[in-house]
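Source file: query-v4.tsv. Holds: TSV, C-alpha atoms.
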chain	number	residue	atom	x	y	z
A	237	MET	CA	56.10	80.13	66.34
A	238	ARG	CA	56.36	78.89	62.75
A	239	ALA	CA	54.28	81.83	61.54
A	240	GLN	CA	56.78	84.22	63.13
A	241	GLN	CA	59.71	82.30	61.60
A	242	VAL	CA	58.19	82.56	58.13
A	243	ARG	CA	57.43	86.22	58.70
A	244	ASP	CA	61.03	86.83	59.77
A	245	GLY	CA	62.28	84.90	56.76
A	246	PHE	CA	60.21	87.11	54.47
A	247	ALA	CA	61.63	90.25	56.06
A	248	ALA	CA	65.19	88.96	55.67
A	249	LEU	CA	64.60	88.11	52.00
A	250	TYR	CA	62.65	91.12	50.84
A	251	GLY	CA	63.70	93.83	53.31
A	252	THR	CA	60.19	94.63	54.53
A	253	GLU	CA	57.42	93.08	56.60
A	254	PRO	CA	54.81	90.97	54.74
A	255	ASP	CA	51.20	92.09	54.42
A	256	GLY	CA	50.17	88.88	56.21
A	257	VAL	CA	50.85	85.21	56.94
A	258	TRP	CA	48.56	82.34	55.94
A	259	ALA	CA	48.47	78.56	56.43
A	260	ALA	CA	46.93	75.66	54.51
A	261	PRO	CA	47.10	72.01	55.60
A	262	GLY	CA	47.93	68.75	53.95
A	263	ARG	CA	45.30	66.05	54.16
A	264	VAL	CA	44.70	62.38	54.80
A	265	ASN	CA	41.95	60.68	52.85
A	266	LEU	CA	40.01	58.41	55.18
A	267	ILE	CA	38.16	56.69	52.34
A	268	GLY	CA	37.31	57.43	48.70
A	269	GLU	CA	40.39	56.94	46.55
A	270	HIS	CA	40.51	57.93	42.86
A	271	THR	CA	36.78	58.64	42.97
A	272	ASP	CA	37.19	62.42	42.75
A	273	TYR	CA	37.92	62.58	39.02
A	274	ASN	CA	34.98	60.21	38.48
A	275	ASP	CA	32.49	62.71	40.01
A	276	GLY	CA	32.31	60.49	43.09
A	277	PHE	CA	32.46	60.70	46.88
A	278	VAL	CA	35.52	61.31	49.03
A	279	MET	CA	36.16	61.72	52.74
A	280	PRO	CA	39.41	63.51	53.63
A	281	PHE	CA	40.40	65.39	56.74
A	282	ALA	CA	43.06	68.04	57.22
A	283	LEU	CA	46.36	67.38	58.98
A	284	PRO	CA	48.11	69.63	61.51
A	285	HIS	CA	50.98	69.74	58.98
A	286	THR	CA	50.74	72.96	56.96
A	287	ALA	CA	52.26	75.08	54.25
A	288	ILE	CA	52.75	78.62	55.56
A	289	ALA	CA	53.11	81.65	53.31
A	290	ALA	CA	54.16	85.19	54.13
A	291	VAL	CA	52.93	87.36	51.28
A	292	SER	CA	52.85	90.97	50.16
A	293	ARG	CA	50.98	92.43	47.23
A	294	ARG	CA	52.82	94.03	44.31
A	295	GLU	CA	51.47	96.36	41.64
A	296	ASP	CA	54.27	96.09	39.07
A	297	GLY	CA	53.57	92.69	37.47
A	298	VAL	CA	56.43	90.95	39.26
A	299	LEU	CA	56.04	87.65	41.13
A	300	ARG	CA	58.87	86.74	43.50
A	301	LEU	CA	58.90	83.26	45.05
A	302	HIS	CA	61.09	81.65	47.70
A	303	SER	CA	60.87	78.44	49.74
A	304	ALA	CA	62.67	77.85	53.01
A	305	ASP	CA	62.56	74.12	52.25
A	306	ILE	CA	64.32	74.13	48.88
A	307	GLU	CA	67.85	75.27	48.11
A	308	GLY	CA	68.12	78.29	45.86
A	309	GLY	CA	67.49	81.99	45.83
A	310	VAL	CA	64.41	84.02	45.05
A	311	ALA	CA	62.75	83.15	41.72
A	312	GLU	CA	61.51	86.24	39.90
A	313	LEU	CA	58.81	85.93	37.24
A	314	ARG	CA	56.55	88.32	35.37
A	315	VAL	CA	52.86	87.55	35.75
A	316	ALA	CA	52.16	88.49	32.14
A	317	ASP	CA	54.62	85.82	30.95
A	318	LEU	CA	53.19	82.89	32.97
A	319	ALA	CA	52.25	80.04	30.62
A	320	PRO	CA	51.10	76.43	31.19
A	321	GLU	CA	53.78	73.74	31.44
A	322	SER	CA	56.56	76.32	31.11
A	323	ASP	CA	58.01	75.51	34.54
A	324	THR	CA	59.17	72.12	35.84
A	325	SER	CA	60.35	73.29	39.27
A	326	TRP	CA	58.47	73.71	42.54
A	327	THR	CA	57.62	77.29	41.56
A	328	ALA	CA	55.07	75.97	39.05
A	329	TYR	CA	52.61	75.38	41.91
A	330	PRO	CA	52.40	78.95	43.31
A	331	ALA	CA	52.95	80.50	39.87
A	332	GLY	CA	50.17	78.31	38.47
A	333	VAL	CA	47.77	79.72	41.07
A	334	VAL	CA	48.59	83.27	39.98
A	335	TRP	CA	48.10	82.23	36.34
A	336	ALA	CA	44.74	80.56	37.12
A	337	LEU	CA	43.47	83.60	39.05
A	338	ARG	CA	44.45	85.97	36.24
A	339	GLU	CA	43.00	83.68	33.57
A	340	ALA	CA	39.71	83.69	35.49
A	341	GLY	CA	39.67	87.48	35.28
A	342	HIS	CA	40.96	88.38	38.74
A	343	PRO	CA	43.31	91.40	38.71
A	344	VAL	CA	46.39	89.91	40.41
A	345	THR	CA	49.30	92.23	39.62
A	346	GLY	CA	52.12	90.44	41.44
A	347	ALA	CA	53.32	89.37	44.87
A	348	ASP	CA	56.31	88.66	47.04
A	349	ILE	CA	55.93	85.19	48.58
A	350	HIS	CA	58.03	83.27	51.11
A	351	LEU	CA	56.94	79.70	51.89
A	352	ALA	CA	57.72	76.94	54.37
A	353	SER	CA	55.96	73.61	54.79
A	354	THR	CA	55.81	70.71	57.23
A	355	VAL	CA	53.66	68.58	54.90
A	356	PRO	CA	55.87	65.63	53.87
A	357	ALA	CA	56.52	65.83	50.11
A	358	GLY	CA	55.84	62.68	48.10
A	359	ALA	CA	54.00	60.99	50.96
A	360	GLY	CA	50.53	61.17	49.39
A	361	LEU	CA	49.46	63.84	51.89
A	362	SER	CA	48.85	66.65	49.38
A	363	SER	CA	51.89	68.82	49.90
A	364	SER	CA	51.32	70.40	46.49
A	365	ALA	CA	47.66	71.22	47.21
A	366	ALA	CA	48.66	72.86	50.51
A	367	LEU	CA	51.16	75.01	48.63
A	368	GLU	CA	48.55	76.02	46.05
A	369	VAL	CA	45.78	76.74	48.53
A	370	VAL	CA	47.86	78.86	50.89
A	371	VAL	CA	48.93	81.09	47.98
A	372	ALA	CA	45.37	81.28	46.65
A	373	LEU	CA	43.95	82.24	50.05
A	374	ALA	CA	46.60	84.91	50.58
A	375	LEU	CA	45.97	86.48	47.17
A	376	ASN	CA	42.21	86.21	47.69
A	377	ASP	CA	42.56	88.24	50.88
A	378	LEU	CA	45.15	90.74	49.63
A	379	TYR	CA	43.30	91.47	46.39
A	380	GLU	CA	39.87	91.32	48.08
A	381	LEU	CA	38.58	88.85	45.47
A	382	GLY	CA	35.78	87.53	47.68
A	383	LEU	CA	36.21	83.91	46.58
A	384	ARG	CA	34.96	81.09	48.82
A	385	GLY	CA	36.93	78.01	49.78
A	386	TRP	CA	35.45	75.73	47.13
A	387	GLN	CA	36.08	78.37	44.47
A	388	LEU	CA	39.71	78.66	45.48
A	389	ALA	CA	39.95	74.87	45.36
A	390	ARG	CA	38.63	74.83	41.78
A	391	LEU	CA	41.19	77.43	40.70
A	392	CYS	CA	44.00	75.52	42.41
A	393	GLN	CA	42.92	72.31	40.69
A	394	ARG	CA	43.00	74.13	37.36
A	395	ALA	CA	46.48	75.42	38.16
A	396	GLU	CA	47.71	71.87	38.78
A	397	ASN	CA	45.85	70.33	35.83
A	398	VAL	CA	46.74	72.91	33.20
A	399	TYR	CA	49.75	74.88	34.42
A	400	VAL	CA	51.65	72.06	36.14
A	401	GLY	CA	50.25	69.36	33.87
A	402	ALA	CA	49.15	66.87	36.54
A	403	PRO	CA	45.65	65.34	36.02
A	404	VAL	CA	44.57	65.50	39.68
A	405	GLY	CA	40.98	65.61	40.90
A	406	ILE	CA	39.38	68.21	43.15
A	407	MET	CA	39.65	66.45	46.52
A	408	ASP	CA	43.06	67.59	47.74
A	409	GLN	CA	42.54	71.29	47.18
A	410	THR	CA	39.01	71.21	48.64
A	411	ALA	CA	40.22	69.38	51.74
A	412	SER	CA	42.99	71.92	52.29
A	413	ALA	CA	40.63	74.86	51.77
A	414	CYS	CA	37.48	73.63	53.50
A	415	CYS	CA	38.13	71.06	56.26
A	416	GLU	CA	37.24	71.78	59.89
A	417	ALA	CA	39.06	70.68	63.02
A	418	GLY	CA	37.66	67.51	64.59
A	419	HIS	CA	35.78	66.53	61.43
A	420	ALA	CA	36.15	64.57	58.23
A	421	LEU	CA	34.80	66.20	55.07
A	422	PHE	CA	32.18	64.24	53.14
A	423	LEU	CA	32.51	65.78	49.70
A	424	ASP	CA	30.46	65.12	46.59
A	425	THR	CA	32.97	66.00	43.88
A	426	ARG	CA	30.25	66.45	41.25
A	427	ASP	CA	28.51	69.43	42.80
A	428	LEU	CA	31.05	70.15	45.58
A	429	SER	CA	28.37	69.86	48.27
A	430	GLN	CA	29.95	69.24	51.66
A	431	ARG	CA	29.08	67.76	55.04
A	432	GLN	CA	31.35	68.01	58.03
A	433	ILE	CA	31.22	64.63	59.81
A	434	PRO	CA	32.41	64.58	63.46
A	435	PHE	CA	35.57	62.47	63.70
A	436	ASP	CA	37.05	62.67	67.20
A	437	LEU	CA	38.85	59.38	67.70
A	438	ALA	CA	40.56	60.36	70.94
A	439	ALA	CA	37.19	60.82	72.64
A	440	GLU	CA	36.42	57.19	71.82
A	441	GLY	CA	39.79	55.78	72.87
A	442	MET	CA	41.12	55.32	69.33
A	443	ARG	CA	43.89	56.75	67.20
A	444	LEU	CA	44.66	57.00	63.49
A	445	LEU	CA	48.29	56.60	62.46
A	446	VAL	CA	49.82	57.70	59.19
A	447	VAL	CA	52.67	55.47	58.07
A	448	ASP	CA	54.80	57.24	55.46
A	449	THR	CA	56.58	54.44	53.61
A	450	GLN	CA	59.20	56.91	52.30
A	451	VAL	CA	58.51	55.56	48.82
A	452	LYS	CA	58.16	58.62	46.60
A	453	HIS	CA	55.73	59.02	43.73
A	454	SER	CA	54.72	61.65	41.19
A	455	HIS	CA	51.15	62.14	39.98
A	456	SER	CA	52.31	63.74	36.77
A	457	GLU	CA	53.99	60.50	35.73
A	458	GLY	CA	52.09	58.10	33.51
A	459	GLU	CA	50.40	55.56	35.78
A	460	TYR	CA	47.94	58.01	37.36
A	461	GLY	CA	46.98	59.30	33.92
A	462	LYS	CA	46.49	55.74	32.65
A	463	ARG	CA	44.03	54.98	35.43
A	464	ARG	CA	42.13	58.18	34.77
A	465	ALA	CA	41.96	57.46	31.03
A	466	GLY	CA	40.78	53.93	31.77
A	467	CYS	CA	37.97	55.22	33.99
A	468	GLU	CA	36.90	57.66	31.27
A	469	LYS	CA	36.90	54.81	28.76
A	470	GLY	CA	34.70	52.76	31.10
A	471	ALA	CA	32.22	55.61	31.44
A	472	ALA	CA	32.11	56.03	27.66
A	473	LEU	CA	31.57	52.31	27.06
A	474	LEU	CA	28.76	52.29	29.63
A	475	GLY	CA	27.14	55.42	28.19
A	476	VAL	CA	27.36	57.55	31.35
A	477	ASP	CA	28.92	60.95	32.04
A	478	ALA	CA	31.11	59.50	34.80
A	479	LEU	CA	31.46	56.24	36.73
A	480	ARG	CA	29.68	57.97	39.61
A	481	ASP	CA	26.49	57.31	37.61
A	482	ILE	CA	26.80	53.52	37.95
A	483	ALA	CA	24.79	52.51	41.03
A	484	TYR	CA	26.33	49.91	43.32
A	485	GLU	CA	23.26	47.70	42.80
A	486	ASP	CA	23.83	47.80	39.04
A	487	LEU	CA	27.54	46.95	39.16
A	488	ASP	CA	27.31	43.31	38.07
A	489	ALA	CA	25.20	44.22	35.05
A	490	ALA	CA	27.60	47.02	34.13
A	491	LEU	CA	30.62	44.73	34.36
A	492	ALA	CA	28.88	42.17	32.17
A	493	ARG	CA	28.33	44.85	29.51
A	494	LEU	CA	32.07	45.54	29.41
A	495	GLY	CA	32.74	42.05	28.10
A	496	ASP	CA	36.42	41.23	27.67
A	497	GLU	CA	37.66	44.73	28.61
A	498	GLU	CA	39.32	43.24	31.68
A	499	GLU	CA	41.41	46.25	32.70
A	500	VAL	CA	38.45	48.60	32.37
A	501	ARG	CA	36.29	46.14	34.31
A	502	ARG	CA	38.73	46.27	37.23
A	503	LEU	CA	38.84	50.06	37.26
A	504	VAL	CA	35.05	50.35	37.09
A	505	ARG	CA	34.62	47.82	39.90
A	506	HIS	CA	36.96	49.78	42.16
A	507	ILE	CA	35.28	53.15	41.58
A	508	VAL	CA	31.72	51.88	42.06
A	509	THR	CA	32.57	49.88	45.19
A	510	GLU	CA	34.70	52.70	46.59
A	511	ASN	CA	31.84	55.20	46.31
A	512	HIS	CA	29.71	52.68	48.18
A	513	ARG	CA	32.41	52.36	50.85
A	514	VAL	CA	32.43	56.14	51.39
A	515	GLU	CA	28.66	56.08	51.93
A	516	ARG	CA	29.02	53.19	54.39
A	517	VAL	CA	31.68	55.05	56.38
A	518	VAL	CA	29.54	58.19	56.51
A	519	SER	CA	26.62	56.12	57.80
A	520	LEU	CA	28.73	54.36	60.44
A	521	LEU	CA	30.33	57.56	61.72
A	522	SER	CA	26.99	59.35	61.77
A	523	SER	CA	25.49	56.57	63.88
A	524	GLY	CA	28.44	56.54	66.29
A	525	ASP	CA	29.71	53.11	65.23
A	526	THR	CA	33.25	54.32	64.55
A	527	ARG	CA	35.10	51.05	65.15
A	528	ALA	CA	33.03	49.38	62.44
A	529	ILE	CA	34.72	51.47	59.74
A	530	GLY	CA	37.88	49.37	60.20
A	531	PRO	CA	36.86	46.49	57.92
A	532	VAL	CA	35.66	48.98	55.29
A	533	LEU	CA	39.14	50.50	55.20
A	534	VAL	CA	40.65	47.06	54.67
A	535	GLU	CA	38.21	46.36	51.84
A	536	GLY	CA	39.27	49.64	50.26
A	537	HIS	CA	42.92	48.63	50.36
A	538	ALA	CA	42.21	45.27	48.74
A	539	SER	CA	40.34	47.04	45.95
A	540	LEU	CA	43.17	49.51	45.37
A	541	ARG	CA	45.69	46.66	45.40
A	542	ASP	CA	43.85	44.13	43.26
A	543	ASP	CA	41.51	46.13	41.01
A	544	PHE	CA	43.18	49.52	40.66
A	545	ARG	CA	46.65	48.01	41.08
A	546	ILE	CA	48.32	51.05	42.59
A	547	SER	CA	49.68	49.61	45.82
A	548	CYS	CA	53.30	48.54	46.37
A	549	PRO	CA	55.08	46.02	48.64
A	550	GLU	CA	55.72	48.62	51.34
A	551	LEU	CA	52.07	49.70	51.53
A	552	ASP	CA	50.86	46.10	51.58
A	553	LEU	CA	53.33	45.32	54.37
A	554	VAL	CA	51.98	48.16	56.51
A	555	VAL	CA	48.40	46.96	56.11
A	556	ASP	CA	49.15	43.26	56.61
A	557	THR	CA	51.40	43.84	59.63
A	558	ALA	CA	49.04	46.30	61.30
A	559	MET	CA	46.05	44.01	60.92
A	560	ALA	CA	48.02	41.01	62.19
A	561	SER	CA	49.05	43.10	65.22
A	562	GLY	CA	45.51	44.00	66.27
A	563	ALA	CA	44.62	47.14	64.30
A	564	LEU	CA	40.94	47.83	63.64
A	565	GLY	CA	41.57	48.73	60.01
A	566	ALA	CA	44.24	49.91	57.59
A	567	ARG	CA	44.63	50.92	53.98
A	568	MET	CA	46.86	52.85	51.61
A	569	THR	CA	45.88	56.48	51.16
A	570	GLY	CA	46.60	58.93	48.37
A	571	GLY	CA	47.40	58.45	44.71
A	572	GLY	CA	49.35	55.22	45.10
A	573	PHE	CA	52.67	53.72	43.98
A	574	GLY	CA	54.17	54.68	47.34
A	575	GLY	CA	53.28	57.35	49.84
A	576	SER	CA	51.40	56.54	53.01
A	577	ALA	CA	49.03	54.12	54.64
A	578	ILE	CA	46.62	54.84	57.48
A	579	VAL	CA	46.01	52.57	60.48
A	580	LEU	CA	42.94	52.79	62.74
A	581	LEU	CA	43.58	51.28	66.14
A	582	GLU	CA	42.81	51.35	69.84
A	583	GLU	CA	44.87	53.84	71.84
A	584	ALA	CA	46.59	51.02	73.74
A	585	ASP	CA	47.75	49.41	70.51
A	586	VAL	CA	49.63	52.42	69.10
A	587	GLU	CA	53.04	51.43	70.43
A	588	PRO	CA	52.91	47.67	69.70
A	589	VAL	CA	51.54	48.16	66.18
A	590	THR	CA	54.11	50.88	65.43
A	591	LYS	CA	56.93	48.66	66.61
A	592	ALA	CA	55.59	45.71	64.61
A	593	VAL	CA	55.48	47.78	61.42
A	594	GLU	CA	58.97	49.16	61.99
A	595	LYS	CA	60.31	45.65	62.63
A	596	ALA	CA	58.61	44.29	59.51
A	597	PHE	CA	60.19	47.02	57.38
A	598	ALA	CA	63.63	46.33	58.85
A	599	THR	CA	63.24	42.60	58.24
A	600	ALA	CA	62.20	43.23	54.62
A	601	GLY	CA	65.17	45.54	54.06
A	602	PHE	CA	62.93	48.57	53.40
A	603	THR	CA	63.74	52.14	54.39
A	604	ALA	CA	62.41	52.81	57.90
A	605	PRO	CA	58.89	54.31	57.74
A	606	ARG	CA	57.87	57.59	59.34
A	607	VAL	CA	54.92	57.07	61.68
A	608	PHE	CA	52.82	59.83	63.22
A	609	GLU	CA	49.33	60.34	64.58
A	610	ALA	CA	46.78	62.09	62.37
A	611	VAL	CA	44.42	64.43	64.20
A	612	PRO	CA	41.69	66.19	62.12
A	613	ALA	CA	42.80	69.82	61.94
A	614	ALA	CA	41.54	73.12	60.58
A	615	GLY	CA	41.58	74.06	56.92
A	616	ALA	CA	43.25	77.09	55.30
A	617	ARG	CA	43.25	80.28	57.34
A	618	ARG	CA	45.00	83.61	57.92
A	619	LEU	CA	47.42	83.52	60.84
A	620	VAL	CA	48.66	87.12	60.99
Turn this file's structure into structure tokens for me.
Amino acid sequence: MRAQQVRDGFAALYGTEPDGVWAAPGRVNLIGEHTDYNDGFVMPFALPHTAIAAVSRREDGVLRLHSADIEGGVAELRVADLAPESDTSWTAYPAGVVWALREAGHPVTGADIHLASTVPAGAGLSSSAALEVVVALALNDLYELGLRGWQLARLCQRAENVYVGAPVGIMDQTASACCEAGHALFLDTRDLSQRQIPFDLAAEGMRLLVVDTQVKHSHSEGEYGKRRAGCEKGAALLGVDALRDIAYEDLDAALARLGDEEEVRRLVRHIVTENHRVERVVSLLSSGDTRAIGPVLVEGHASLRDDFRISCPELDLVVDTAMASGALGARMTGGGFGGSAIVLLEEADVEPVTKAVEKAFATAGFTAPRVFEAVPAAGARRLV
């Protein structure tokens, strides 16, 4: 239904049918936060929420962009004039993908694009990556570029890093491009090797809720960049290419070598322990001990709150309330400073835990959260 709506919207805008319609999902990260730009391990899965793009190829160097979700008319750009950090509006994300493809030598000569998305913006669920990946996949198909999912993810990351100016890692784009329904993606961000790990909670009588705190954040603002710079400083002080190279067993010795660099010590401790948590979750899921991942999620939240210091009162309230109400595990997910938390719980506990969280937010005077179930969905694909 949504694919047809976007197709109809394209026809109304541009006066002709699109060459095709594509979709790319947002994602939830089960475990592995801020490890991706440290060459570490992550474990996201795709959401049913998607960005959908109706697209036609152009040969005249013109790029026309429109979003059903944002007020305003069609933005018209020339592909030859696209330049990094020249655009501060939403159009930087699709335009950046075109720029990255062309810079990599792919002969993209323009496009008409109409977009619509159900991925909540600012919720830490990778709405921007979904937007990038759906445009990249459409252009890959229309221009017969022959690029694979991980290659599209790399180009989309470059678009966001260089064109948009946000220092994001590779996880979000890879999750959107490569996830499979019913699975979580165990991704090594150093070599982009992937394993699809079965993750069917419903079959085991469990659910995973996403609690969108409605607190908005922006990765391109300074705090994310500060954490990344701090991690790079830690790697340099420890003489390694990336914090991924510090083994969990060697953490205490590494921290001792950092001396009085207290902030760097905290960042290093989070990254090394978080990589270890991802490996523990993979092992537990692979052995069928799914409920046992709950405490690992809680450990991850404490590390993000206390060592990385990117939580906020609303996220902490979700985790504390959910755990006090019988959840198996909970933690913030995404870049931090707002966004969403995830809650792992028994099917029977969905309603009481949801109500407890909503009541806690009302009591605290916070904006009511948006709560929905997260079901591992398919990655980017052509719809029509």
* To do: Using only C-alpha atoms, determine which residues lie at most 10 Å from region 305-322 of chain A, disregarding the query and same-chain residues fewer than 4 positions distant; provide the list as JSON, numbers by chain.
  => {"A": [249, 250, 296, 297, 298, 299, 300, 301, 326, 327, 328, 331, 332, 334, 335, 336, 338, 344, 345, 346, 347, 348, 349, 350, 351, 352, 353, 354, 395, 396, 397, 398, 399, 400, 401, 402]}
Resulting file, chosen residues, C-alpha atoms, as a PDB file, in the coordinates of the input:
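The resulting again_23.pdb:
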ATOM      1  CA  LEU A 249      64.600  88.110  52.000  1.00  0.00           C
ATOM      2  CA  TYR A 250      62.650  91.120  50.840  1.00  0.00           C
ATOM      3  CA  ASP A 296      54.270  96.090  39.070  1.00  0.00           C
ATOM      4  CA  GLY A 297      53.570  92.690  37.470  1.00  0.00           C
ATOM      5  CA  VAL A 298      56.430  90.950  39.260  1.00  0.00           C
ATOM      6  CA  LEU A 299      56.040  87.650  41.130  1.00  0.00           C
ATOM      7  CA  ARG A 300      58.870  86.740  43.500  1.00  0.00           C
ATOM      8  CA  LEU A 301      58.900  83.260  45.050  1.00  0.00           C
ATOM      9  CA  TRP A 326      58.470  73.710  42.540  1.00  0.00           C
ATOM     10  CA  THR A 327      57.620  77.290  41.560  1.00  0.00           C
ATOM     11  CA  ALA A 328      55.070  75.970  39.050  1.00  0.00           C
ATOM     12  CA  ALA A 331      52.950  80.500  39.870  1.00  0.00           C
ATOM     13  CA  GLY A 332      50.170  78.310  38.470  1.00  0.00           C
ATOM     14  CA  VAL A 334      48.590  83.270  39.980  1.00  0.00           C
ATOM     15  CA  TRP A 335      48.100  82.230  36.340  1.00  0.00           C
ATOM     16  CA  ALA A 336      44.740  80.560  37.120  1.00  0.00           C
ATOM     17  CA  ARG A 338      44.450  85.970  36.240  1.00  0.00           C
ATOM     18  CA  VAL A 344      46.390  89.910  40.410  1.00  0.00           C
ATOM     19  CA  THR A 345      49.300  92.230  39.620  1.00  0.00           C
ATOM     20  CA  GLY A 346      52.120  90.440  41.440  1.00  0.00           C
ATOM     21  CA  ALA A 347      53.320  89.370  44.870  1.00  0.00           C
ATOM     22  CA  ASP A 348      56.310  88.660  47.040  1.00  0.00           C
ATOM     23  CA  ILE A 349      55.930  85.190  48.580  1.00  0.00           C
ATOM     24  CA  HIS A 350      58.030  83.270  51.110  1.00  0.00           C
ATOM     25  CA  LEU A 351      56.940  79.700  51.890  1.00  0.00           C
ATOM     26  CA  ALA A 352      57.720  76.940  54.370  1.00  0.00           C
ATOM     27  CA  SER A 353      55.960  73.610  54.790  1.00  0.00           C
ATOM     28  CA  THR A 354      55.810  70.710  57.230  1.00  0.00           C
ATOM     29  CA  ALA A 395      46.480  75.420  38.160  1.00  0.00           C
ATOM     30  CA  GLU A 396      47.710  71.870  38.780  1.00  0.00           C
ATOM     31  CA  ASN A 397      45.850  70.330  35.830  1.00  0.00           C
ATOM     32  CA  VAL A 398      46.740  72.910  33.200  1.00  0.00           C
ATOM     33  CA  TYR A 399      49.750  74.880  34.420  1.00  0.00           C
ATOM     34  CA  VAL A 400      51.650  72.060  36.140  1.00  0.00           C
ATOM     35  CA  GLY A 401      50.250  69.360  33.870  1.00  0.00           C
ATOM     36  CA  ALA A 402      49.150  66.870  36.540  1.00  0.00           C
TER      37      ALA A 402
END
Determine, using only C-alpha atoms, which residues of region 409-482 of chain A have any atom at most 10 Å from an atom of region 554-576 of chain A, and tabulate each with its shortest atom pair and distance in Å to one decimal place, rows ordered by chain and then rising number, as JSON lines.
{"residue": "A:Met442", "atom": "CA", "partner": "A:Leu564", "partner_atom": "CA", "distance": 9.4}
{"residue": "A:Leu444", "atom": "CA", "partner": "A:Ala566", "partner_atom": "CA", "distance": 9.2}
{"residue": "A:Leu445", "atom": "CA", "partner": "A:Ala566", "partner_atom": "CA", "distance": 9.2}
{"residue": "A:Val446", "atom": "CA", "partner": "A:Ser576", "partner_atom": "CA", "distance": 6.5}
{"residue": "A:Val447", "atom": "CA", "partner": "A:Ser576", "partner_atom": "CA", "distance": 5.3}
{"residue": "A:Asp448", "atom": "CA", "partner": "A:Ser576", "partner_atom": "CA", "distance": 4.2}
{"residue": "A:Thr449", "atom": "CA", "partner": "A:Ser576", "partner_atom": "CA", "distance": 5.6}
{"residue": "A:Gln450", "atom": "CA", "partner": "A:Gly575", "partner_atom": "CA", "distance": 6.4}
{"residue": "A:Val451", "atom": "CA", "partner": "A:Gly574", "partner_atom": "CA", "distance": 4.7}
{"residue": "A:Lys452", "atom": "CA", "partner": "A:Gly574", "partner_atom": "CA", "distance": 5.7}
{"residue": "A:His453", "atom": "CA", "partner": "A:Gly574", "partner_atom": "CA", "distance": 5.9}
{"residue": "A:Ser454", "atom": "CA", "partner": "A:Phe573", "partner_atom": "CA", "distance": 8.7}
{"residue": "A:His455", "atom": "CA", "partner": "A:Gly571", "partner_atom": "CA", "distance": 7.1}
{"residue": "A:Glu459", "atom": "CA", "partner": "A:Phe573", "partner_atom": "CA", "distance": 8.7}
{"residue": "A:Tyr460", "atom": "CA", "partner": "A:Gly571", "partner_atom": "CA", "distance": 7.4}
* When distances are computed from all atoms listed in the file, which of A:Arg238, A:Thr324, A:Leu503, A:Ile482 shows the smallest separation from Lys469 (chain A)? ->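 Answer, going by the shortest atom-to-atom distance: A:Leu503.
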* CA of Leu361 (chain A) and CA of Arg431 (chain A), how far apart in Å? -> 21.0 Å
* To do: Select, from A:Cys467, A:Val264, A:Ala248, A:Val369, the residue with the minimum atom-to-atom distance to Ala287 (chain A), counting all atoms listed in the file.
  => A:Val369
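Among the candidate residues A:Asp543, A:Glu485, A:Asp585, A:Asp323, the one lying nearest to Arg502 (chain A) is A:Asp543, with distances computed using all atoms listed in the file.
Closest to Trp258 (chain A) among A:Cys548, A:Val620, A:Leu378, A:Val500 is A:Val620, based on only C-alpha atoms.
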Test item: axis-aligned box, all listed atoms of region 326-335 of chain A, 6 Å on each side, centre and edges in Å rounded to one decimal, as JSON:
{"center_x": 53.1, "center_y": 78.5, "center_z": 39.8, "size_x": 22.7, "size_y": 21.6, "size_z": 19.0}
Under the rule of at most 12 Å, produce a per-residue listing of region 339-455 of chain A near region 591-615 of chain A: chain, number, name, the closest pair of atoms, and the distance in Å, as a Markdown table, using only C-alpha atoms.
| residue | atom | partner | partner_atom | distance |
| --- | --- | --- | --- | --- |
| A:Pro356 | CA | A:Arg606 | CA | 9.9 |
| A:Ala359 | CA | A:Arg606 | CA | 9.8 |
| A:Leu361 | CA | A:Ala610 | CA | 11.0 |
| A:Ala365 | CA | A:Gly615 | CA | 11.8 |
| A:Ala366 | CA | A:Gly615 | CA | 9.6 |
| A:Val369 | CA | A:Gly615 | CA | 9.8 |
| A:Val370 | CA | A:Gly615 | CA | 9.9 |
| A:Leu373 | CA | A:Gly615 | CA | 10.9 |
| A:Gly385 | CA | A:Gly615 | CA | 9.4 |
| A:Trp386 | CA | A:Gly615 | CA | 11.7 |
| A:Ala389 | CA | A:Gly615 | CA | 11.7 |
| A:Asp408 | CA | A:Gly615 | CA | 11.3 |
| A:Gln409 | CA | A:Gly615 | CA | 10.2 |
| A:Thr410 | CA | A:Gly615 | CA | 9.1 |
| A:Ala411 | CA | A:Gly615 | CA | 7.1 |
| A:Ser412 | CA | A:Gly615 | CA | 5.3 |
| A:Ala413 | CA | A:Gly615 | CA | 5.3 |
| A:Cys414 | CA | A:Gly615 | CA | 5.4 |
| A:Cys415 | CA | A:Gly615 | CA | 4.6 |
| A:Glu416 | CA | A:Ala614 | CA | 4.6 |
| A:Ala417 | CA | A:Ala613 | CA | 4.0 |
| A:Gly418 | CA | A:Pro612 | CA | 4.9 |
| A:His419 | CA | A:Pro612 | CA | 6.0 |
| A:Ala420 | CA | A:Pro612 | CA | 7.0 |
| A:Leu421 | CA | A:Pro612 | CA | 9.9 |
| A:Gln432 | CA | A:Pro612 | CA | 11.3 |
| A:Ile433 | CA | A:Pro612 | CA | 10.8 |
| A:Pro434 | CA | A:Pro612 | CA | 9.5 |
| A:Phe435 | CA | A:Pro612 | CA | 7.3 |
| A:Asp436 | CA | A:Pro612 | CA | 7.7 |
| A:Leu437 | CA | A:Val611 | CA | 8.3 |
| A:Ala438 | CA | A:Val611 | CA | 8.8 |
| A:Ala439 | CA | A:Val611 | CA | 11.7 |
| A:Met442 | CA | A:Glu609 | CA | 10.7 |
| A:Arg443 | CA | A:Glu609 | CA | 7.0 |
| A:Leu444 | CA | A:Ala610 | CA | 5.6 |
| A:Leu445 | CA | A:Glu609 | CA | 4.4 |
| A:Val446 | CA | A:Phe608 | CA | 5.5 |
| A:Val447 | CA | A:Val607 | CA | 4.5 |
| A:Asp448 | CA | A:Arg606 | CA | 5.0 |
| A:Thr449 | CA | A:Pro605 | CA | 4.7 |
| A:Gln450 | CA | A:Pro605 | CA | 6.0 |
| A:Val451 | CA | A:Thr603 | CA | 8.4 |
| A:Lys452 | CA | A:Thr603 | CA | 11.6 |
